[in-house]
file query33.csv (CSV, C-alpha atoms)
chain,number,residue,atom,x,y,z
A,1,MET,CA,1.8,-27.9,4.6
A,2,THR,CA,1.0,-24.6,2.9
A,3,ILE,CA,0.4,-21.8,5.5
A,4,LYS,CA,-2.3,-19.4,4.4
A,5,PRO,CA,-1.7,-16.0,6.1
A,6,VAL,CA,-4.6,-13.7,7.0
A,7,ILE,CA,-4.2,-10.4,5.1
A,8,GLY,CA,-6.0,-7.4,6.5
A,9,ILE,CA,-7.2,-4.8,4.0
A,10,LEU,CA,-8.0,-1.4,5.4
A,11,LEU,CA,-11.5,-0.1,4.4
A,12,ASP,CA,-12.3,3.4,3.5
A,13,LYS,CA,-15.3,5.1,5.1
A,14,ARG,CA,-18.0,6.9,3.1
A,15,GLU,CA,-20.8,9.0,4.5
A,16,LYS,CA,-23.1,8.2,1.6
A,17,GLY,CA,-22.9,7.2,-2.1
A,18,ASP,CA,-24.3,4.9,-4.8
A,19,PHE,CA,-24.4,2.0,-2.4
A,20,SER,CA,-26.3,3.7,0.5
A,21,ASN,CA,-27.5,7.0,1.8
A,22,TYR,CA,-26.1,6.0,5.2
A,23,PRO,CA,-22.5,5.7,6.2
A,24,TYR,CA,-20.7,2.6,4.9
A,25,TYR,CA,-17.2,1.1,4.3
A,26,ALA,CA,-15.8,0.4,0.9
A,27,VAL,CA,-12.8,-0.9,-1.0
A,28,THR,CA,-12.3,-2.2,-4.5
A,29,GLN,CA,-13.0,-5.9,-4.9
A,30,ARG,CA,-9.8,-6.7,-6.8
A,31,TYR,CA,-7.7,-6.4,-3.6
A,32,PHE,CA,-9.6,-9.4,-2.1
A,33,GLU,CA,-9.4,-11.4,-5.3
A,34,CYS,CA,-5.7,-10.8,-5.6
A,35,ILE,CA,-4.9,-12.0,-2.1
A,36,ASP,CA,-7.1,-15.1,-2.5
A,37,ARG,CA,-5.5,-15.9,-5.9
A,38,PHE,CA,-1.9,-15.8,-4.6
A,39,GLY,CA,-2.4,-17.8,-1.4
A,40,GLY,CA,-3.6,-15.5,1.3
A,41,VAL,CA,-6.9,-15.2,3.2
A,42,PRO,CA,-8.2,-11.6,2.8
A,43,ILE,CA,-10.3,-9.9,5.5
A,44,ALA,CA,-11.7,-6.4,5.7
A,45,LEU,CA,-10.6,-4.1,8.5
A,46,PRO,CA,-13.1,-1.5,9.6
A,47,CYS,CA,-12.4,1.6,11.6
A,48,VAL,CA,-12.5,0.4,15.2
A,49,GLU,CA,-10.9,3.2,17.3
A,50,ASN,CA,-10.3,1.0,20.4
A,51,GLY,CA,-9.6,-2.2,18.6
A,52,ILE,CA,-6.4,-1.7,16.6
A,53,GLY,CA,-4.4,-4.1,18.7
A,54,ALA,CA,-7.1,-6.8,18.5
A,55,LEU,CA,-7.4,-6.4,14.7
A,56,LEU,CA,-3.6,-6.7,14.3
A,57,ASP,CA,-3.7,-9.8,16.6
A,58,VAL,CA,-5.8,-11.4,13.9
A,59,VAL,CA,-3.8,-10.5,10.7
A,60,ASP,CA,-0.4,-11.6,9.5
A,61,GLY,CA,0.0,-8.8,6.9
A,62,LEU,CA,-1.6,-5.4,6.2
A,63,ILE,CA,-2.5,-3.8,3.0
A,64,VAL,CA,-3.5,-0.1,2.9
A,65,PRO,CA,-5.1,0.5,-0.5
A,66,GLY,CA,-5.4,3.5,-2.8
A,67,GLY,CA,-8.0,6.2,-2.3
A,68,ARG,CA,-9.0,9.7,-3.4
A,69,TYR,CA,-8.6,12.0,-0.5
A,70,ALA,CA,-6.4,14.9,0.7
A,71,LEU,CA,-3.4,14.2,3.0
A,72,PRO,CA,-2.5,16.4,6.0
A,73,ALA,CA,-1.8,20.0,4.7
A,74,GLU,CA,1.7,20.0,6.3
A,75,TRP,CA,2.7,17.0,4.2
A,76,TYR,CA,2.6,19.0,0.9
A,77,VAL,CA,5.7,20.8,-0.3
A,78,GLU,CA,5.6,24.6,-0.6
A,79,GLY,CA,3.6,25.8,-3.6
A,80,SER,CA,1.7,22.5,-3.7
A,81,ALA,CA,-1.7,21.6,-2.5
A,82,SER,CA,-3.8,18.5,-2.6
A,83,ALA,CA,-5.5,17.6,-5.8
A,84,TYR,CA,-8.5,16.4,-3.7
A,85,GLU,CA,-10.9,18.6,-1.8
A,86,THR,CA,-11.5,16.5,1.3
A,87,PRO,CA,-9.3,14.4,3.6
A,88,SER,CA,-10.0,10.7,4.2
A,89,ARG,CA,-12.7,10.3,6.9
A,90,ILE,CA,-10.4,7.7,8.6
A,91,LEU,CA,-7.0,9.4,7.9
A,92,ASP,CA,-5.9,9.6,11.5
A,93,TYR,CA,-7.1,6.0,12.1
A,94,SER,CA,-5.2,4.7,9.1
A,95,LEU,CA,-2.0,6.3,10.3
A,96,ASP,CA,-2.5,4.8,13.7
A,97,VAL,CA,-3.0,1.3,12.2
A,98,ILE,CA,0.1,1.6,10.0
A,99,ASP,CA,2.2,2.8,12.9
A,100,ALA,CA,1.0,0.0,15.1
A,101,ALA,CA,1.6,-2.6,12.4
A,102,LEU,CA,5.2,-1.3,11.8
A,103,GLU,CA,5.8,-1.4,15.6
A,104,ARG,CA,4.7,-5.1,15.6
A,105,HIS,CA,6.8,-5.9,12.5
A,106,VAL,CA,3.6,-6.9,10.6
A,107,PRO,CA,4.5,-7.1,6.9
A,108,PHE,CA,3.0,-4.0,5.2
A,109,LEU,CA,2.1,-3.2,1.6
A,110,GLY,CA,0.9,0.3,0.8
A,111,ILE,CA,-0.6,0.8,-2.6
A,112,CYS,CA,-1.0,4.2,-4.2
A,113,ALA,CA,-2.4,6.4,-1.4
A,114,GLY,CA,-1.2,3.7,1.0
A,115,MET,CA,2.4,4.4,-0.1
A,116,GLN,CA,1.9,8.1,0.5
A,117,LEU,CA,0.5,7.4,4.0
A,118,LEU,CA,3.6,5.2,4.8
A,119,ALA,CA,6.0,7.9,3.6
A,120,GLY,CA,4.2,10.8,5.2
A,121,LEU,CA,4.0,9.0,8.5
A,122,LYS,CA,7.8,8.8,8.4
A,123,GLY,CA,8.3,12.5,7.6
A,124,CYS,CA,8.4,12.5,3.8
A,125,ARG,CA,6.6,15.3,1.8
A,126,VAL,CA,4.3,15.2,-1.2
A,127,ASN,CA,3.5,17.0,-4.4
A,128,GLY,CA,-0.2,17.5,-4.7
A,129,ASN,CA,-0.6,17.2,-8.5
A,130,VAL,CA,1.2,15.0,-11.0
A,131,GLU,CA,-1.7,14.8,-13.4
A,132,LYS,CA,0.3,13.1,-16.1
A,133,HIS,CA,0.6,10.0,-14.0
A,134,ARG,CA,-3.2,9.3,-14.0
A,135,ILE,CA,-3.3,8.3,-17.6
A,136,ASN,CA,-4.6,4.8,-18.2
A,137,PRO,CA,-7.3,2.4,-16.9
A,138,VAL,CA,-6.0,0.4,-13.9
A,139,HIS,CA,-5.7,-2.8,-16.0
A,140,GLU,CA,-3.4,-1.3,-18.5
A,141,VAL,CA,0.4,-0.6,-18.3
A,142,ALA,CA,1.0,3.2,-18.4
A,143,HIS,CA,4.8,3.4,-18.1
A,144,GLY,CA,7.9,1.6,-16.9
A,145,VAL,CA,9.8,1.9,-13.7
A,146,GLU,CA,13.5,1.4,-13.0
A,147,VAL,CA,14.1,-0.5,-9.7
A,148,VAL,CA,17.1,0.0,-7.4
A,149,GLU,CA,19.3,-3.0,-7.4
A,150,GLU,CA,19.8,-3.5,-3.6
A,151,SER,CA,16.1,-3.3,-2.6
A,152,LEU,CA,13.2,-5.3,-1.3
A,153,LEU,CA,11.2,-4.3,-4.4
A,154,ARG,CA,13.9,-5.7,-6.7
A,155,ARG,CA,14.0,-9.0,-4.8
A,156,CYS,CA,10.2,-9.2,-4.9
A,157,ALA,CA,9.7,-8.3,-8.6
A,158,GLY,CA,12.8,-10.1,-9.9
A,159,ARG,CA,13.3,-7.4,-12.5
A,160,ALA,CA,15.4,-4.2,-12.9
A,161,ALA,CA,12.6,-2.6,-15.0
A,162,PHE,CA,9.0,-3.4,-15.8
A,163,GLY,CA,5.7,-1.8,-16.7
A,164,VAL,CA,3.2,-0.5,-14.2
A,165,ASN,CA,-0.3,0.9,-14.2
A,166,SER,CA,0.1,4.5,-13.1
A,167,ARG,CA,-3.0,5.8,-11.5
A,168,HIS,CA,-2.0,8.7,-9.1
A,169,LEU,CA,-2.4,12.4,-8.8
A,170,GLU,CA,0.0,12.9,-5.9
A,171,ALA,CA,3.5,11.7,-5.4
A,172,VAL,CA,6.3,11.7,-2.7
A,173,VAL,CA,9.0,14.2,-3.6
A,174,GLU,CA,11.0,14.7,-0.5
A,175,LEU,CA,12.4,11.7,1.5
A,176,ALA,CA,12.9,11.5,5.2
A,177,ASP,CA,15.6,9.6,7.2
A,178,GLY,CA,15.0,5.8,7.1
A,179,VAL,CA,12.8,6.0,3.9
A,180,LYS,CA,14.4,4.8,0.7
A,181,ALA,CA,13.1,5.4,-2.9
A,182,THR,CA,13.5,2.1,-4.8
A,183,ALA,CA,11.7,2.8,-8.1
A,184,HIS,CA,11.4,5.8,-10.4
A,185,SER,CA,9.4,6.4,-13.6
A,186,PRO,CA,11.2,7.7,-16.7
A,187,ASP,CA,10.4,11.3,-15.7
A,188,GLY,CA,11.9,10.9,-12.3
A,189,VAL,CA,8.8,10.5,-10.2
A,190,ILE,CA,9.3,8.3,-7.1
A,191,GLU,CA,7.2,5.2,-7.7
A,192,ALA,CA,8.2,3.0,-4.7
A,193,VAL,CA,9.5,3.5,-1.1
A,194,GLU,CA,10.5,1.1,1.6
A,195,LEU,CA,11.7,1.1,5.1
A,196,GLY,CA,14.6,-0.7,6.7
A,197,GLY,CA,13.8,-3.0,9.6
A,198,HIS,CA,10.2,-3.5,10.6
A,199,GLY,CA,10.3,-7.3,10.1
A,200,GLY,CA,11.8,-7.1,6.7
A,201,PHE,CA,8.7,-6.1,4.7
A,202,ALA,CA,7.5,-2.5,4.7
A,203,LEU,CA,6.9,-1.4,1.1
A,204,GLY,CA,4.9,1.2,-0.7
A,205,VAL,CA,4.2,1.3,-4.4
A,206,GLN,CA,2.6,4.1,-6.3
A,207,TRP,CA,0.8,1.9,-8.8
A,208,HIS,CA,-1.7,-1.0,-8.5
A,209,PRO,CA,0.0,-4.5,-8.5
A,210,GLU,CA,-3.2,-6.1,-7.3
A,211,ALA,CA,-4.7,-5.6,-10.8
A,212,PHE,CA,-2.3,-8.1,-12.5
A,213,ARG,CA,-3.5,-11.7,-12.7
A,214,ASP,CA,-0.5,-13.5,-14.4
A,215,PRO,CA,1.5,-15.1,-11.5
A,216,GLY,CA,4.7,-14.6,-13.5
A,217,ASP,CA,4.2,-10.8,-13.9
A,218,PRO,CA,6.6,-8.8,-11.7
A,219,ASN,CA,3.6,-6.9,-10.3
A,220,ALA,CA,2.0,-10.2,-9.2
A,221,ARG,CA,5.3,-11.3,-7.8
A,222,ILE,CA,5.3,-8.3,-5.5
A,223,VAL,CA,2.0,-9.4,-4.0
A,224,LYS,CA,3.1,-13.1,-3.8
A,225,ALA,CA,6.3,-12.0,-2.0
A,226,PHE,CA,4.2,-10.0,0.5
A,227,ILE,CA,2.0,-13.0,1.2
A,228,GLU,CA,5.1,-15.1,1.7
A,229,ALA,CA,6.4,-12.6,4.2
A,230,ALA,CA,3.1,-12.7,6.0
A,231,SER,CA,3.3,-16.5,6.1
A,232,ALA,CA,6.8,-16.2,7.7
A,233,HIS,CA,5.4,-13.7,10.2
A,234,LYS,CA,2.6,-16.1,11.1
A,235,MET,CA,5.1,-18.8,11.8
A,236,ARG,CA,7.3,-16.6,13.9
A,237,GLU,CA,4.3,-15.5,16.0
A,238,GLY,CA,3.1,-19.1,16.4
A,239,LYS,CA,-0.4,-18.2,15.3
A,240,PRO,CA,-3.1,-20.9,14.8
A,241,GLY,CA,-2.6,-22.6,11.4
A,242,SER,CA,1.2,-22.4,11.5

call {"tool": "encode", "arguments": {"input": "query33.csv", "output": "structure tokens"}}
result
Amino acid sequence: MTIKPVIGILLDKREKGDFSNYPYYAVTQRYFECIDRFGGVPIALPCVENGIGALLDVVDGLIVPGGRYALPAEWYVEGSASAYETPSRILDYSLDVIDAALERHVPFLGICAGMQLLAGLKGCRVNGNVEKHRINPVHEVAHGVEVVEESLLRRCAGRAAFGVNSRHLEAVVELADGVKATAHSPDGVIEAVELGGHGGFALGVQWHPEAFRDPGDPNARIVKAFIEAASAHKMREGKPGS
């Protein structure tokens, strides 16, 4: 029997915007469509300060998606500042959720800003402006990446090199202990990081694999491998449905 894992997608928080003049949560629809397409059950995770443990009890995997917000000032290398004016309204909460998920060995996939949060949480530092990497619409390939041979990313994608849809203004430039860079763009920018341990799946990518629909594409294979890891976690935990 196929086990469908529950994948939590962390929501961003907006004070007001096109949708409402009142505070609301938001995330791009394609994250949900991608998880559903490749065998998971997506659910949205709101900011519930006293409910992190209860939310993680429900999910079998966690995605922290991209966003347009400043990171903590101390994360930026000297001479660099954020390309964005304001921090995320749930930045501290997001870090708490990621930390708790890693502690529980919940499979984790950080996408774009989600990768930067994973890296920064572990002590890496960031350059606030790599403008040339925000060059194409999200559904188009912008450049290639070279993938480290002995890496989770290589096992997931099944390729040593492939094209990605680069859509970021900030990038990890200094690594910390326990954080491994596993993909680079042709100009040397770190495009993926991963952690050892943590249940075997703690990966951050700087691009947007959720935008690729072909199941044979290496980007889609990353998402599929993440969902498979979440299925295995569900079985290990003995959750309902396993």

call {"tool": "residues_around", "arguments": {"input": "query33.csv", "residues": "A:Ile7", "least_positions_apart": "6", "cutoff": "6 Å", "atoms": "all atoms listed in the file", "output": "MDAnalysis selection string"}}
result
chainID A and resid 41:42 59:62

call {"tool": "residues_around", "arguments": {"input": "query33.csv", "residues": "stretch 176-183 of chain A", "least_positions_apart": "4", "cutoff": "12 Å", "atoms": "only C-alpha atoms", "output": "compact mmCIF listing (two decimals) with C-alpha atoms, keeping the file's coordinate frame"}}
result
# COMPACT_ATOMS: atom_id res chain seq x y z
CA TRP A 75 2.70 17.00 4.20
CA MET A 115 2.40 4.40 -0.10
CA GLN A 116 1.90 8.10 0.50
CA LEU A 118 3.60 5.20 4.80
CA ALA A 119 6.00 7.90 3.60
CA GLY A 120 4.20 10.80 5.20
CA LEU A 121 4.00 9.00 8.50
CA LYS A 122 7.80 8.80 8.40
CA GLY A 123 8.30 12.50 7.60
CA CYS A 124 8.40 12.50 3.80
CA ARG A 125 6.60 15.30 1.80
CA VAL A 126 4.30 15.20 -1.20
CA GLY A 144 7.90 1.60 -16.90
CA VAL A 145 9.80 1.90 -13.70
CA GLU A 146 13.50 1.40 -13.00
CA VAL A 147 14.10 -0.50 -9.70
CA VAL A 148 17.10 0.00 -7.40
CA GLU A 149 19.30 -3.00 -7.40
CA GLU A 150 19.80 -3.50 -3.60
CA SER A 151 16.10 -3.30 -2.60
CA LEU A 152 13.20 -5.30 -1.30
CA LEU A 153 11.20 -4.30 -4.40
CA ARG A 154 13.90 -5.70 -6.70
CA ARG A 155 14.00 -9.00 -4.80
CA CYS A 156 10.20 -9.20 -4.90
CA ALA A 157 9.70 -8.30 -8.60
CA ARG A 159 13.30 -7.40 -12.50
CA ALA A 160 15.40 -4.20 -12.90
CA ALA A 161 12.60 -2.60 -15.00
CA PHE A 162 9.00 -3.40 -15.80
CA GLY A 163 5.70 -1.80 -16.70
CA VAL A 164 3.20 -0.50 -14.20
CA ALA A 171 3.50 11.70 -5.40
CA VAL A 172 6.30 11.70 -2.70
CA ASP A 187 10.40 11.30 -15.70
CA GLY A 188 11.90 10.90 -12.30
CA VAL A 189 8.80 10.50 -10.20
CA ILE A 190 9.30 8.30 -7.10
CA GLU A 191 7.20 5.20 -7.70
CA ALA A 192 8.20 3.00 -4.70
CA VAL A 193 9.50 3.50 -1.10
CA GLU A 194 10.50 1.10 1.60
CA LEU A 195 11.70 1.10 5.10
CA GLY A 196 14.60 -0.70 6.70
CA GLY A 197 13.80 -3.00 9.60
CA HIS A 198 10.20 -3.50 10.60
CA ALA A 202 7.50 -2.50 4.70
CA LEU A 203 6.90 -1.40 1.10
CA GLY A 204 4.90 1.20 -0.70
CA VAL A 205 4.20 1.30 -4.40
CA GLN A 206 2.60 4.10 -6.30
CA TRP A 207 0.80 1.90 -8.80

call {"tool": "residues_around", "arguments": {"input": "query33.csv", "residues": "stretch 14-27 of chain A", "least_positions_apart": "4", "cutoff": "10 Å", "atoms": "all atoms listed in the file", "output": "count of residues only"}}
result
14

call {"tool": "atom_distance", "arguments": {"input": "query33.csv", "atom1": "atom CA of A:Glu210", "atom2": "atom CA of A:Ile227"}}
result
12.1 Å

call {"tool": "atom_distance", "arguments": {"input": "query33.csv", "atom1": "atom CA of A:Tyr93", "atom2": "atom CA of A:Ile63"}}
result
14.1 Å

call {"tool": "closest_residue", "arguments": {"input": "query33.csv", "among": "A:Leu169, A:Leu95, A:Ala101, A:Leu71", "to": "A:Gly8", "atoms": "all atoms listed in the file"}}
result
A:Ala101

call {"tool": "atom_distance", "arguments": {"input": "query33.csv", "atom1": "atom CA of A:Arg213", "atom2": "atom CA of A:Ala142"}}
result
16.6 Å

call {"tool": "residues_near_point", "arguments": {"input": "query33.csv", "point": "(-2.0, 3.6, -12.0)", "cutoff": "6 Å", "atoms": "all atoms listed in the file", "output": "PDB file with C-alpha atoms, in the coordinates of the input"}}
result
ATOM      1  CA  VAL A 138      -6.000   0.400 -13.900  1.00  0.00           C
ATOM      2  CA  ASN A 165      -0.300   0.900 -14.200  1.00  0.00           C
ATOM      3  CA  SER A 166       0.100   4.500 -13.100  1.00  0.00           C
ATOM      4  CA  ARG A 167      -3.000   5.800 -11.500  1.00  0.00           C
ATOM      5  CA  HIS A 168      -2.000   8.700  -9.100  1.00  0.00           C
ATOM      6  CA  TRP A 207       0.800   1.900  -8.800  1.00  0.00           C
ATOM      7  CA  HIS A 208      -1.700  -1.000  -8.500  1.00  0.00           C
TER       8      HIS A 208
END

call {"tool": "closest_residue", "arguments": {"input": "query33.csv", "among": "A:His139, A:Lys13, A:Arg104, A:Lys4", "to": "A:Pro240", "atoms": "all atoms listed in the file"}}
result
A:Lys4

call {"tool": "residues_around", "arguments": {"input": "query33.csv", "residues": "A:Val223", "least_positions_apart": "2", "cutoff": "10 Å", "atoms": "all atoms listed in the file", "output": "PyMOL selection string"}}
result
chain A and resi 34-35+38-40+109+156-157+209-210+212+215+218-221+225-229

call {"tool": "closest_residue", "arguments": {"input": "query33.csv", "among": "A:Thr86, A:Ser80, A:Ser94, A:Ser185", "to": "A:Gly114", "atoms": "all atoms listed in the file"}}
result
A:Ser94

call {"tool": "residues_around", "arguments": {"input": "query33.csv", "residues": "A:Gly79", "least_positions_apart": "3", "cutoff": "10 Å", "atoms": "only C-alpha atoms", "output": "CSV table (one decimal) with C-alpha atoms, in the coordinates of the input"}}
result
chain,number,residue,atom,x,y,z
A,76,TYR,CA,2.6,19.0,0.9
A,127,ASN,CA,3.5,17.0,-4.4
A,128,GLY,CA,-0.2,17.5,-4.7

call {"tool": "closest_residue", "arguments": {"input": "query33.csv", "among": "A:Ala83, A:Val77, A:Asp12, A:Ile52", "to": "A:Leu175", "atoms": "all atoms listed in the file"}}
result
A:Val77

call {"tool": "closest_residue", "arguments": {"input": "query33.csv", "among": "A:Gly216, A:Ile222, A:Ile98, A:His184", "to": "A:Gly53", "atoms": "only C-alpha atoms"}}
result
A:Ile98

call {"tool": "closest_residue", "arguments": {"input": "query33.csv", "among": "A:Ala113, A:Phe108, A:Gly238, A:Pro137", "to": "A:Gly200", "atoms": "all atoms listed in the file"}}
result
A:Phe108

call {"tool": "build_atoms", "arguments": {"input": "query33.csv", "residues": "stretch 69-80 of chain A", "atoms": "N, CA and C atoms", "output": "compact mmCIF listing (two decimals), in the coordinates of the input"}}
result
# COMPACT_ATOMS: atom_id res chain seq x y z
N TYR A 69 -8.33 11.13 -1.62
CA TYR A 69 -8.60 12.00 -0.50
C TYR A 69 -7.30 12.88 -0.27
N ALA A 70 -7.51 14.01 0.38
CA ALA A 70 -6.40 14.90 0.70
C ALA A 70 -5.62 14.35 1.89
N LEU A 71 -4.31 14.56 1.86
CA LEU A 71 -3.40 14.20 3.00
C LEU A 71 -3.34 15.41 3.91
N PRO A 72 -2.69 15.28 5.07
CA PRO A 72 -2.50 16.40 6.00
C PRO A 72 -1.83 17.60 5.23
N ALA A 73 -2.29 18.82 5.45
CA ALA A 73 -1.80 20.00 4.70
C ALA A 73 -0.29 20.15 4.86
N GLU A 74 0.25 19.83 6.04
CA GLU A 74 1.70 20.00 6.30
C GLU A 74 2.55 19.02 5.53
N TRP A 75 1.96 18.00 4.95
CA TRP A 75 2.70 17.00 4.20
C TRP A 75 3.12 17.55 2.80
N TYR A 76 2.42 18.57 2.31
CA TYR A 76 2.60 19.00 0.90
C TYR A 76 3.80 20.03 0.90
N VAL A 77 4.62 19.91 -0.16
CA VAL A 77 5.70 20.80 -0.30
C VAL A 77 5.20 22.23 -0.62
N GLU A 78 6.02 23.24 -0.36
CA GLU A 78 5.60 24.60 -0.60
C GLU A 78 5.23 24.83 -2.04
N GLY A 79 4.13 25.52 -2.23
CA GLY A 79 3.60 25.80 -3.60
C GLY A 79 2.76 24.65 -4.12
N SER A 80 2.55 23.62 -3.32
CA SER A 80 1.70 22.50 -3.70
C SER A 80 0.56 22.32 -2.78
